[in-house]
Amino acid sequence: MPGGRKPYRKGTRVEREIAKKLGAKRVPLSGASTIKGDLIHPILGTGEVKARANGFKQIYSWLEGRDFLIIKSDFKEPLIILRAKDMLRLIKPGPESPGFF
């Protein structure tokens, strides 16, 4: 287990929180599973969860004051980044949610 017990626990805790909020199923021991992802959602499909203390600082600053962000590397498909609350609004129509966490 790279990184040790503490990063592992943080990862599983974040996966559980997000799975609960999204209505997704968490894939136990996803690193050793044949399923390529941490979560399975009935609408979104299979997803990966990454949690870092400050590893995504640039993405958050680019998203500041905007509704979404599109990023693209050479020879790769573009990725669309949304805040979780905005994505929930898209997949679960209804009253505004107070926030994701």
# chains A, B, ... in the order shown; residues from 1 in each chain; ligands from 1
>>> closest_atom_pairs(of="segment 2-21 of chain A", to="segment 41-46 of chain A", cutoff="12 Å", atoms="only C-alpha atoms", output="Markdown table")
| residue | atom | partner | partner_atom | distance |
| --- | --- | --- | --- | --- |
| A:Ile18 | CA | A:His41 | CA | 10.9 |
| A:Ala19 | CA | A:His41 | CA | 8.3 |
| A:Lys20 | CA | A:His41 | CA | 10.6 |
| A:Lys21 | CA | A:His41 | CA | 11.0 |
>>> write_last_selection(atoms="N, CA and C atoms", output="compact mmCIF listing (two decimals), in the first residue's frame")
# COMPACT_ATOMS: atom_id res chain seq x y z
N ILE A 18 -18.37 10.77 -0.79
CA ILE A 18 -18.83 11.14 -2.12
C ILE A 18 -19.84 10.13 -2.65
N ALA A 19 -19.61 8.85 -2.42
CA ALA A 19 -20.56 7.82 -2.86
C ALA A 19 -21.93 8.07 -2.23
N LYS A 20 -21.95 8.40 -0.96
CA LYS A 20 -23.21 8.65 -0.26
C LYS A 20 -23.93 9.86 -0.85
N LYS A 21 -23.20 10.94 -1.07
CA LYS A 21 -23.80 12.16 -1.60
C LYS A 21 -24.32 11.99 -3.03
>>> atom_distance(atom1="atom CA of Leu69 of chain A", atom2="atom CA of Asp86 of chain A")
12.2 Å
>>> select_by_dssp(residues="segment 18-81 of chain A", states="strand (DSSP E or B)", output="PyMOL selection string")
chain A and resi 25-26+39-41+45-47+68-71+79-81
>>> residues_around(residues="Arg66 of chain A", least_positions_apart="5", cutoff="10 Å", atoms="only C-alpha atoms", output="VMD selection string")
chain A and resid 61 82 to 83
>>> write_last_selection(atoms="N, CA and C atoms", output="mmCIF file, in the first residue's frame")
data_model
loop_
_atom_site.group_PDB
_atom_site.id
_atom_site.type_symbol
_atom_site.label_atom_id
_atom_site.label_comp_id
_atom_site.auth_asym_id
_atom_site.auth_seq_id
_atom_site.Cartn_x
_atom_site.Cartn_y
_atom_site.Cartn_z
ATOM 1 N N SER A 61 -8.222 27.451 -8.612
ATOM 2 C CA SER A 61 -8.063 28.873 -8.929
ATOM 3 C C SER A 61 -8.615 29.178 -10.324
ATOM 4 N N LEU A 82 -16.670 20.339 -12.947
ATOM 5 C CA LEU A 82 -17.779 21.048 -12.313
ATOM 6 C C LEU A 82 -17.652 20.917 -10.812
ATOM 7 N N ARG A 83 -18.197 21.872 -10.091
ATOM 8 C CA ARG A 83 -18.324 21.704 -8.640
ATOM 9 C C ARG A 83 -19.352 20.606 -8.395
#
>>> select_by_dssp(residues="chain A", states="alpha helix (DSSP H)", output="number ranges by chain")
A: 5-22, 57-63, 84-91
>>> closest_residue(among="A:Ile81, A:Val49, A:Ile35, A:Ile70", to="Glu17 of chain A", atoms="only C-alpha atoms")
A:Val49
>>> atom_distance(atom1="atom CA of Ala24 of chain A", atom2="atom CA of Ala51 of chain A")
17.3 Å
>>> residues_around(residues="Leu29 of chain A", least_positions_apart="6", cutoff="10 Å", atoms="only C-alpha atoms", output="list in words")
Thr12, Ile35, Gly37 and Asp38 of chain A
>>> closest_residue(among="A:Gly23, A:Lys72, A:Tyr60, A:Gly11", to="Glu48 of chain A", atoms="only C-alpha atoms")
A:Gly11
>>> atom_distance(atom1="atom CA of Pro7 of chain A", atom2="atom CA of Gly55 of chain A")
13.7 Å
>>> closest_residue(among="A:Asp67, A:Thr34, A:Trp62, A:Leu39", to="Leu22 of chain A", atoms="only C-alpha atoms")
A:Leu39
